[in-house]
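Enquirer: Have a peek at target_7.cif (mmCIF, C-alpha atoms).
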```cif
data_my_file
#
loop_
_atom_site.label_atom_id
_atom_site.label_comp_id
_atom_site.auth_asym_id
_atom_site.auth_seq_id
_atom_site.Cartn_x
_atom_site.Cartn_y
_atom_site.Cartn_z
CA MET Z 1 142.85 -28.33 127.04
CA ASP Z 2 141.60 -28.00 130.60
CA SER Z 3 143.89 -25.12 131.42
CA LYS Z 4 142.91 -23.37 128.23
CA ARG Z 5 139.24 -23.67 129.11
CA ARG Z 6 140.02 -22.28 132.56
CA ASP Z 7 141.89 -19.30 131.05
CA PHE Z 8 139.04 -18.63 128.70
CA LEU Z 9 136.54 -18.55 131.56
CA LYS Z 10 138.78 -16.20 133.57
CA ILE Z 11 139.13 -13.76 130.70
CA ALA Z 12 135.42 -13.93 129.93
CA GLY Z 13 134.57 -13.24 133.59
CA LEU Z 14 136.95 -10.31 133.89
CA THR Z 15 135.67 -8.81 130.67
CA ALA Z 16 132.10 -9.08 131.90
CA ILE Z 17 132.95 -7.40 135.21
CA ALA Z 18 134.87 -4.66 133.46
CA GLY Z 19 132.01 -4.15 131.04
CA ILE Z 20 129.47 -3.74 133.81
CA ALA Z 21 131.62 -1.77 136.22
CA ALA Z 22 133.20 0.77 133.87
CA PRO Z 23 130.10 2.68 132.76
CA SER Z 24 128.60 2.75 136.24
CA ALA Z 25 131.89 4.04 137.63
CA PHE Z 26 131.88 6.70 134.93
CA ASN Z 27 128.30 7.60 135.72
CA SER Z 28 128.93 7.99 139.42
CA LEU Z 29 131.93 10.18 138.65
CA LEU Z 30 129.87 12.36 136.33
CA LYS Z 31 127.05 12.53 138.84
CA GLY Z 32 129.44 13.54 141.55
CA GLU Z 33 130.63 16.40 139.43
CA ALA Z 34 127.09 17.48 138.60
CA VAL Z 35 126.08 17.49 142.24
CA ALA Z 36 129.14 19.52 143.16
CA SER Z 37 128.36 22.18 140.57
CA GLU Z 38 124.69 22.34 141.62
CA HIS Z 39 125.76 22.99 145.18
CA GLY Z 40 127.93 25.81 143.99
CA ALA Z 41 125.12 27.48 142.11
CA ALA Z 42 122.69 27.12 145.00
CA ALA Z 43 125.17 28.55 147.44
CA ALA Z 44 125.83 31.52 145.20
CA GLY Z 45 122.10 32.22 144.88
CA ALA Z 46 121.44 31.82 148.58
CA HIS Z 47 124.14 34.26 149.57
CA GLY Z 48 122.99 36.78 146.98
CA ALA Z 49 126.43 36.75 145.39
CA ALA Z 50 124.85 38.00 142.19
CA ALA Z 51 123.49 41.41 143.09
CA PRO Z 52 120.17 42.21 141.40
CA THR Z 53 120.79 43.96 138.13
CA GLY Z 54 118.34 45.98 136.13
CA LYS Z 55 115.31 47.80 137.38
CA ARG Z 56 112.60 46.75 139.73
CA TRP Z 57 109.92 49.37 139.94
CA GLY Z 58 108.29 50.03 143.27
CA MET Z 59 106.12 52.60 144.99
CA VAL Z 60 105.78 54.09 148.43
CA ILE Z 61 102.33 55.34 149.42
CA ASP Z 62 102.29 57.91 152.19
CA VAL Z 63 98.82 57.61 153.67
CA LYS Z 64 99.24 60.72 155.87
CA LYS Z 65 99.82 62.92 152.84
CA PHE Z 66 96.54 61.71 151.37
CA THR Z 67 94.70 62.61 154.57
CA GLU Z 68 96.29 66.06 154.47
CA ASN Z 69 95.19 66.52 150.84
CA PRO Z 70 91.57 65.42 150.68
CA GLY Z 71 90.49 64.59 147.14
CA LEU Z 72 94.01 63.77 145.99
CA ALA Z 73 93.44 60.02 146.04
CA GLU Z 74 90.26 60.40 144.00
CA LYS Z 75 92.16 62.56 141.53
CA CYS Z 76 94.82 59.84 141.15
CA VAL Z 77 92.08 57.29 140.48
CA SER Z 78 90.23 59.40 137.94
CA THR Z 79 93.43 60.34 136.09
CA CYS Z 80 94.53 56.72 135.83
CA HIS Z 81 91.12 55.51 134.73
CA THR Z 82 90.81 58.26 132.14
CA ILE Z 83 94.12 57.68 130.39
CA HIS Z 84 93.71 53.91 130.43
CA ASN Z 85 90.14 53.93 129.10
CA VAL Z 86 88.81 52.16 132.19
CA PRO Z 87 85.01 51.93 131.92
CA ASP Z 88 82.68 53.07 134.69
CA PHE Z 89 79.70 50.71 134.74
CA GLY Z 90 78.05 52.65 137.53
CA ASN Z 91 77.62 49.76 139.94
CA LYS Z 92 79.84 47.99 142.43
CA LYS Z 93 79.19 44.53 141.06
CA ASP Z 94 80.63 45.23 137.60
CA GLU Z 95 83.21 47.73 138.80
CA ILE Z 96 86.54 47.87 136.95
CA LYS Z 97 89.38 49.27 139.00
CA TRP Z 98 93.07 49.70 138.32
CA ILE Z 99 93.63 51.89 141.36
CA TRP Z 100 91.11 52.59 144.09
CA VAL Z 101 90.49 53.86 147.62
CA ASP Z 102 89.58 51.47 150.39
CA SER Z 103 89.42 51.41 154.19
CA PHE Z 104 92.35 50.43 156.40
CA LYS Z 105 90.73 47.24 157.61
CA HIS Z 106 90.11 46.09 154.06
CA VAL Z 107 93.57 46.97 152.80
CA PHE Z 108 95.34 45.49 155.83
CA PRO Z 109 93.03 42.72 157.07
CA ASP Z 110 95.81 40.83 158.87
CA ASP Z 111 96.87 43.81 160.96
CA SER Z 112 97.85 42.39 164.35
CA SER Z 113 97.72 45.55 166.48
CA GLN Z 114 94.37 44.59 167.96
CA TYR Z 115 94.23 46.84 171.02
CA LYS Z 116 96.67 49.62 170.40
CA LYS Z 117 95.44 50.74 166.99
CA PRO Z 118 94.44 54.41 166.79
CA GLU Z 119 90.75 54.70 166.02
CA ALA Z 120 91.46 57.15 163.22
CA LEU Z 121 92.96 54.31 161.20
CA ASP Z 122 89.59 52.75 160.52
CA SER Z 123 88.31 55.79 158.73
CA LEU Z 124 91.55 56.39 156.86
CA PRO Z 125 91.06 56.21 153.10
CA ILE Z 126 93.91 54.23 151.61
CA LEU Z 127 94.92 54.34 147.98
CA THR Z 128 95.74 50.92 146.62
CA LEU Z 129 96.54 49.28 143.30
CA CYS Z 130 98.22 46.18 141.91
CA ASN Z 131 101.19 45.30 144.09
CA HIS Z 132 103.34 44.10 141.20
CA CYS Z 133 104.49 41.28 143.44
CA ASP Z 134 107.92 39.75 143.20
CA ASN Z 135 106.21 36.37 143.47
CA PRO Z 136 102.88 36.97 141.74
CA PRO Z 137 100.23 34.28 142.32
CA CYS Z 138 98.18 35.56 139.38
CA VAL Z 139 101.00 34.76 136.97
CA ARG Z 140 101.22 31.22 138.31
CA ALA Z 141 97.46 30.78 138.01
CA CYS Z 142 97.11 32.04 134.43
CA PRO Z 143 96.70 29.06 132.09
CA THR Z 144 97.49 31.00 128.91
CA GLN Z 145 100.40 33.14 130.14
CA ALA Z 146 98.29 36.16 129.35
CA THR Z 147 99.61 37.68 132.53
CA PHE Z 148 103.33 37.66 133.11
CA LYS Z 149 106.09 39.29 135.06
CA SER Z 150 108.43 41.42 133.01
CA LYS Z 151 112.10 42.00 133.79
CA ASP Z 152 111.51 45.38 135.41
CA GLY Z 153 109.19 43.90 138.04
CA VAL Z 154 105.93 44.93 136.43
CA VAL Z 155 103.18 42.33 136.33
CA GLY Z 156 101.70 42.92 132.91
CA MET Z 157 98.89 41.55 130.85
CA ASP Z 158 98.45 40.71 127.20
CA TYR Z 159 94.72 41.15 126.70
CA HIS Z 160 94.92 39.30 123.37
CA ARG Z 161 95.68 36.10 125.21
CA CYS Z 162 93.22 36.46 128.11
CA ILE Z 163 90.46 33.88 127.87
CA GLY Z 164 88.53 35.31 130.81
CA CYS Z 165 88.83 32.26 133.07
CA ARG Z 166 89.36 34.55 136.10
CA PHE Z 167 91.81 32.18 137.80
CA CYS Z 168 94.05 35.21 138.31
CA MET Z 169 91.26 37.01 140.16
CA ALA Z 170 90.90 34.06 142.51
CA ALA Z 171 94.66 33.91 142.96
CA CYS Z 172 95.28 37.59 143.64
CA PRO Z 173 95.17 38.22 147.42
CA TYR Z 174 94.64 41.96 146.88
CA GLY Z 175 91.59 42.12 144.63
CA ALA Z 176 93.62 44.07 142.11
CA ARG Z 177 91.98 42.47 139.08
CA SER Z 178 88.61 43.19 137.53
CA PHE Z 179 86.59 41.29 135.00
CA ASN Z 180 84.71 42.90 132.14
CA TRP Z 181 81.24 41.44 132.63
CA ARG Z 182 79.91 43.99 130.18
CA ASP Z 183 81.19 45.51 126.97
CA PRO Z 184 83.37 48.47 127.98
CA ARG Z 185 82.56 50.14 124.66
CA GLY Z 186 78.85 49.93 125.37
CA LYS Z 187 76.40 52.50 126.67
CA ASP Z 188 74.28 52.61 129.80
CA ALA Z 189 70.48 52.84 129.95
CA ASN Z 190 70.66 56.61 129.40
CA GLY Z 191 72.79 56.24 126.31
CA GLN Z 192 75.94 57.43 128.09
CA PRO Z 193 79.12 55.53 127.09
CA PHE Z 194 80.83 53.63 129.92
CA ILE Z 195 84.13 55.19 128.90
CA LYS Z 196 83.39 58.88 129.28
CA ALA Z 197 86.24 60.20 127.15
CA GLU Z 198 88.33 57.76 125.16
CA ASN Z 199 92.07 58.27 125.15
CA PRO Z 200 92.99 57.67 121.50
CA LYS Z 201 96.56 56.71 122.47
CA PHE Z 202 95.53 53.69 124.54
CA PRO Z 203 93.32 50.73 123.64
CA THR Z 204 90.17 49.74 125.48
CA ARG Z 205 89.41 46.17 126.53
CA MET Z 206 86.66 43.91 125.30
CA ARG Z 207 83.94 42.02 127.12
CA GLY Z 208 85.17 38.84 128.80
CA VAL Z 209 88.73 39.77 129.71
CA VAL Z 210 90.32 40.59 133.03
CA GLU Z 211 92.18 43.85 133.42
CA LYS Z 212 94.48 45.46 135.94
CA CYS Z 213 97.00 48.21 136.60
CA ASN Z 214 100.06 47.99 134.34
CA PHE Z 215 102.24 50.38 136.40
CA CYS Z 216 101.99 52.66 133.35
CA THR Z 217 104.50 50.63 131.31
CA GLU Z 218 103.52 52.64 128.25
CA ARG Z 219 104.60 55.80 130.09
CA LEU Z 220 107.73 54.29 131.67
CA ALA Z 221 108.88 53.25 128.20
CA ILE Z 222 109.03 56.86 127.09
CA GLY Z 223 110.64 58.12 130.28
CA GLN Z 224 107.53 59.32 132.11
CA ILE Z 225 106.47 58.33 135.62
CA PRO Z 226 103.14 56.60 136.28
CA ALA Z 227 100.12 58.88 135.98
CA CYS Z 228 99.07 58.54 139.64
CA VAL Z 229 102.57 59.47 140.80
CA GLU Z 230 102.56 62.47 138.51
CA VAL Z 231 99.26 63.66 139.98
CA ALA Z 232 100.57 63.26 143.52
CA ALA Z 233 104.01 64.67 142.71
CA GLN Z 234 103.47 68.04 144.36
CA SER Z 235 102.44 66.62 147.73
CA LYS Z 236 104.99 63.77 147.49
CA ALA Z 237 102.30 61.35 148.60
CA LEU Z 238 103.56 58.74 146.14
CA VAL Z 239 107.21 57.94 145.64
CA PHE Z 240 108.04 55.85 142.60
CA GLY Z 241 111.40 54.45 141.59
CA ASP Z 242 113.85 51.63 141.17
CA LEU Z 243 114.05 49.38 144.25
CA ASN Z 244 117.33 47.88 142.97
CA ASP Z 245 119.08 51.23 142.83
CA PRO Z 246 120.38 52.03 146.35
CA ASN Z 247 120.56 55.74 145.52
CA SER Z 248 117.05 56.13 144.17
CA GLU Z 249 114.58 58.27 146.09
CA ILE Z 250 112.42 55.26 146.90
CA SER Z 251 115.37 53.29 148.31
CA GLN Z 252 116.26 56.24 150.54
CA VAL Z 253 112.68 56.52 151.78
CA LEU Z 254 112.54 52.78 152.50
CA LYS Z 255 115.85 52.93 154.35
CA THR Z 256 114.82 55.82 156.59
CA THR Z 257 111.11 55.22 157.13
CA PHE Z 258 109.16 52.33 158.58
CA THR Z 259 106.81 50.98 155.95
CA ILE Z 260 104.37 48.10 155.76
CA GLN Z 261 103.24 45.92 152.89
CA ARG Z 262 99.84 44.39 152.23
CA LYS Z 263 99.41 40.82 153.48
CA PRO Z 264 103.10 39.99 153.92
CA SER Z 265 102.06 36.54 155.14
CA ALA Z 266 100.92 35.67 151.61
CA GLY Z 267 104.58 35.56 150.60
CA THR Z 268 104.04 37.53 147.44
CA HIS Z 269 106.66 40.22 148.19
CA PRO Z 270 104.73 43.27 146.98
CA SER Z 271 106.48 46.24 145.35
CA LEU Z 272 104.14 48.65 147.13
CA PHE Z 273 105.04 50.04 150.54
CA TYR Z 274 102.81 52.04 152.87
CA ILE Z 275 103.72 54.74 155.34
CA ILE Z 276 100.81 54.81 157.77
CA MET N 1 69.51 27.42 91.35
CA THR N 2 73.20 27.20 90.44
CA SER N 3 73.01 30.09 88.04
CA PRO N 4 75.06 32.50 90.23
CA ILE N 5 77.97 30.08 90.10
CA TRP N 6 77.79 29.77 86.33
CA PHE N 7 77.17 33.45 85.90
CA LYS N 8 80.24 34.41 87.89
CA SER N 9 82.49 31.50 86.88
CA GLY N 10 86.07 32.47 86.12
CA ASP N 11 85.53 35.91 87.56
CA ALA N 12 87.25 36.71 90.84
CA GLY N 13 85.29 39.90 91.24
CA LYS N 14 86.80 43.35 91.49
CA MET N 15 90.25 43.33 93.09
CA PRO N 16 90.40 45.54 96.19
CA LYS N 17 92.34 48.76 95.86
CA PRO N 18 93.36 49.89 99.34
CA GLU N 19 94.04 53.58 99.45
CA LYS N 20 97.66 54.27 100.33
CA PRO N 21 98.63 57.30 102.38
CA LYS N 22 99.55 60.26 100.22
CA ASP N 23 102.11 61.91 102.49
CA TYR N 24 104.29 58.84 103.00
CA THR N 25 106.11 56.79 100.38
CA GLU N 26 107.63 53.89 102.34
CA CYS N 27 106.28 51.46 104.89
CA VAL N 28 108.11 49.69 107.72
CA ALA N 29 108.75 46.69 105.42
CA PRO N 30 108.50 46.00 101.68
CA THR N 31 104.98 46.05 100.25
CA GLU N 32 105.04 42.36 99.32
CA PHE N 33 105.85 41.41 102.92
CA MET N 34 103.32 43.77 104.39
CA ARG N 35 100.63 42.51 102.05
CA THR N 36 101.03 38.92 103.21
CA SER N 37 102.46 39.17 106.74
CA HIS N 38 101.39 42.41 108.41
CA MET N 39 99.50 40.41 111.03
CA VAL N 40 102.63 38.42 111.86
CA LEU N 41 104.59 41.61 112.24
CA LEU N 42 101.95 43.07 114.56
CA ASN N 43 102.10 39.98 116.76
CA GLN N 44 105.90 40.15 116.84
CA TRP N 45 105.80 43.80 117.85
CA ARG N 46 103.31 43.04 120.61
CA ASP N 47 105.26 40.14 122.10
CA ASP N 48 108.58 41.91 121.78
CA ILE N 49 107.42 45.13 123.44
CA LEU N 50 105.18 43.62 126.08
CA ARG N 51 107.24 40.64 127.18
CA GLU N 52 110.83 41.23 126.06
CA ASP N 53 111.05 44.92 126.90
CA GLY N 54 111.64 45.56 123.20
CA ALA N 55 112.01 48.94 121.53
CA ARG N 56 108.80 50.91 121.04
CA THR N 57 110.09 52.62 117.93
CA GLY N 58 111.80 51.40 114.78
CA LYS N 59 113.38 52.88 111.67
CA THR N 60 112.42 52.31 108.05
CA PRO N 61 115.21 51.48 105.55
CA ASN N 62 115.31 55.18 104.64
CA GLY N 63 115.68 56.20 108.25
CA THR N 64 112.21 57.45 109.10
CA GLU N 65 111.34 56.70 112.70
CA TYR N 66 108.03 55.02 113.40
CA VAL N 67 106.15 53.77 116.47
CA ARG N 68 105.81 49.99 116.62
CA SER N 69 102.12 50.08 117.38
CA LEU N 70 98.93 49.49 115.46
CA GLN N 71 96.99 52.28 117.10
CA ASN N 72 99.78 54.84 117.39
CA GLY N 73 102.00 53.68 114.52
CA CYS N 74 100.26 52.12 111.53
CA MET N 75 97.18 54.27 111.82
CA LYS N 76 99.27 57.44 111.82
CA CYS N 77 99.88 57.00 108.08
CA HIS N 78 97.06 54.62 107.20
CA SER N 79 94.60 56.89 108.95
CA ASP N 80 91.49 55.70 107.15
CA LYS N 81 90.59 52.20 108.27
CA LYS N 82 87.63 51.92 105.90
CA LYS N 83 89.66 52.80 102.81
CA PHE N 84 92.74 50.80 103.78
CA CYS N 85 92.19 47.84 106.14
CA ASP N 86 88.60 47.09 105.30
CA THR N 87 88.97 46.92 101.51
CA CYS N 88 91.08 43.73 101.53
CA HIS N 89 89.60 42.30 104.73
CA ASN N 90 86.12 42.52 103.25
CA TYR N 91 87.26 41.07 99.93
CA THR N 92 88.87 38.06 101.60
CA SER N 93 86.17 37.87 104.25
CA VAL N 94 88.53 37.95 107.21
CA LYS N 95 87.32 39.57 110.38
CA PRO N 96 90.28 40.51 112.56
CA TYR N 97 89.38 41.50 116.12
CA CYS N 98 91.87 44.38 116.31
CA TRP N 99 89.18 47.00 116.67
CA ASP N 100 87.36 45.29 119.52
CA CYS N 101 89.97 46.94 121.73
CA HIS N 102 92.17 49.22 119.66
CA LEU N 103 90.71 52.58 118.75
CA GLN N 104 90.74 53.70 115.17
CA PRO N 105 91.48 57.29 114.25
CA LYS N 106 88.46 59.44 114.98
CA GLU N 107 88.24 61.23 111.63
CA ALA N 108 87.74 57.91 109.82
CA MET N 109 84.98 56.60 112.06
#
```
Represent the structure contained in this file as structure tokens.

Expert:
Amino acid sequence: MDSKRRDFLKIAGLTAIAGIAAPSAFNSLLKGEAVASEHGAAAAGAHGAAAPTGKRWGMVIDVKKFTENPGLAEKCVSTCHTIHNVPDFGNKKDEIKWIWVDSFKHVFPDDSSQYKKPEALDSLPILTLCNHCDNPPCVRACPTQATFKSKDGVVGMDYHRCIGCRFCMAACPYGARSFNWRDPRGKDANGQPFIKAENPKFPTRMRGVVEKCNFCTERLAIGQIPACVEVAAQSKALVFGDLNDPNSEISQVLKTTFTIQRKPSAGTHPSLFYII
Amino acid sequence: MTSPIWFKSGDAGKMPKPEKPKDYTECVAPTEFMRTSHMVLLNQWRDDILREDGARTGKTPNGTEYVRSLQNGCMKCHSDKKKFCDTCHNYTSVKPYCWDCHLQPKEAM
């Protein structure tokens, strides 16, 4: 009887140990495998084993060419604003801008060449627009996903979803976003419409939404280049193309010419490059 | 006081008769679907084109190519907003905000 009781206790004990140990052993095995595979994926990503596929649109802005062709930058701006029905409210405070001209010190505020900078730089008008960042802070800030990054590198907006919170404006380090404080379809005190000539092919915006450059996605979709690039095509002041294609014109320019980006320290990886 | 209710009881009023385009016989989807779900289709087009890099054009069952766009597609055939969109929207008292941003064809304005 005694020995039988002893045997029973032994078997019960072993069963209990096996019951507890087996699943945890299984788990640790499974975990080990999972960790191993994660490492693999991370390593592959870090070494860029998967080459970027698809398009990533980018632009090179040759500032010298704009100085050689006075009025060209303004023409780019007016063309863009006309075809995209961008209103002109006639004052700086309410200004809507998709593409605009600013001074060197405003476009490149973190320029470090304190003493050796040519004086001419300060008066240089520089064309600038949305950078279509690789790591766009505006997209992260948007609470409704009204602004998003599409596969081809364009930071786009769905104006239907914009609630006008302006978080994206606070997040954008480049001031590339404007808010419609007033009704773009309205008229000024003299009865002049804010949108001088409406382009019937493109919508307007409404009061209370943010708007920005869309890299002319509507034109890219039908095989055209952005309007500003088309205007500057003759002087080759703007080069537009696929950054992922090593043989594209823009890739060649970037390989052979020294270019700078706006606020590289912000870590946004802009798609716009400047030749100063 | 309640006389209008009694006066009009059992009468749904005049059914709207949206004017269909004369030069085109088929739409992008069957009439029944378009009647009930055109707004769903428009939202699908928008999300597909804007976010998923979707096609900007489509083909009707009979092979006619169309632009998947309210402003540049629908309004090409249904060029008179007042005689098409507004008839039913007014009848059912829905006020879509399409035209706050999208431009309607000039000749109908």

Enquirer: Taking the file as shown, what set of residues would the PyMOL selection byres ((chain N) within 12 of (chain Z)) give back, as a VMD selection string?

Expert: chain N and resid 42 to 43 46 to 57 67 69 to 73 75 to 76 96 to 107

Enquirer: Considering all atoms listed in the file, can you say which of N:Glu26, N:Cys77, N:Phe33, N:Pro16 comes closest to N:Ser93?

Expert: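 Going through N:Glu26, N:Cys77, N:Phe33, N:Pro16 one by one, the smallest distance to N:Ser93 is for N:Pro16.
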
Enquirer: Hey, which of N:Thr36, N:Glu65, N:Lys59, N:Lys17 ends up closest to N:Cys88? Count all atoms listed in the file.

Expert: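 Result for the nearest residue to N:Cys88: N:Lys17.
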
Enquirer: Would you compute the distance between atom CA of Z:His269 and atom CA of Z:Thr257? Give it in Å to one decimal.

Expert: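 Here the two named atoms are 18.0 Å from each other.
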
Enquirer: Find the distance between atom CA of N:Asn62 and atom CA of N:Asp80 and write it in Å to one decimal.

Expert: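 Rounded to one decimal, the two atoms are 24.0 Å apart.
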
Enquirer: What gap, in Å, lies between atom CA of Z:Val155 and atom CA of Z:Asn131?

Expert: 8.5 Å

Enquirer: Leaving out stretch 138-146 of chain Z and any residue of its chain fewer than 3 positions from it, which residues lie within 10 Å of it when counting all atoms listed in the file, given as a list in words?

Expert: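 So the residues in contact are Cys133, Asn135, Lys149, Val155, Gly156, Met157, Asp158, Tyr159, His160, Arg161, Cys162, Ile163, Gly164, Cys165, Arg166, Phe167, Cys168, Met169, Ala170, Ala171, Cys172, Pro173, Arg177 and Val210 of chain Z.
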
Enquirer: What do you get, as a PyMOL selection string, if you spell out every residue that the PyMOL selection byres ((chain Z and resi 73) around 10) selects here?

Expert: chain Z and resi 63+65-67+69-72+74-79+99-101+125-128+228+231-232+237

Enquirer: Would you mind telling me which residue in N:His78, N:Ile5, N:Cys85, N:Tyr91 lies nearest to N:Asp23 when using only C-alpha atoms?

Expert: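 Once distances to N:Asp23 are computed over only C-alpha atoms, the minimum belongs to N:His78.
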
Enquirer: Using only C-alpha atoms, which of the listed residues (Z:Asn190, Z:Asn180, Z:Ser123, Z:Thr82) sits closest to Z:Asp94?

Expert: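 With only C-alpha atoms as the atom set, the closest residue is Z:Asn180.
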
Enquirer: Out of N:Pro18, N:Thr2, N:Ser9, N:Tyr24, which residue has the shortest atom-to-atom distance to N:Thr64 when counting only C-alpha atoms?

Expert: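 Going through N:Pro18, N:Thr2, N:Ser9, N:Tyr24 one by one, the smallest distance to N:Thr64 is for N:Tyr24.
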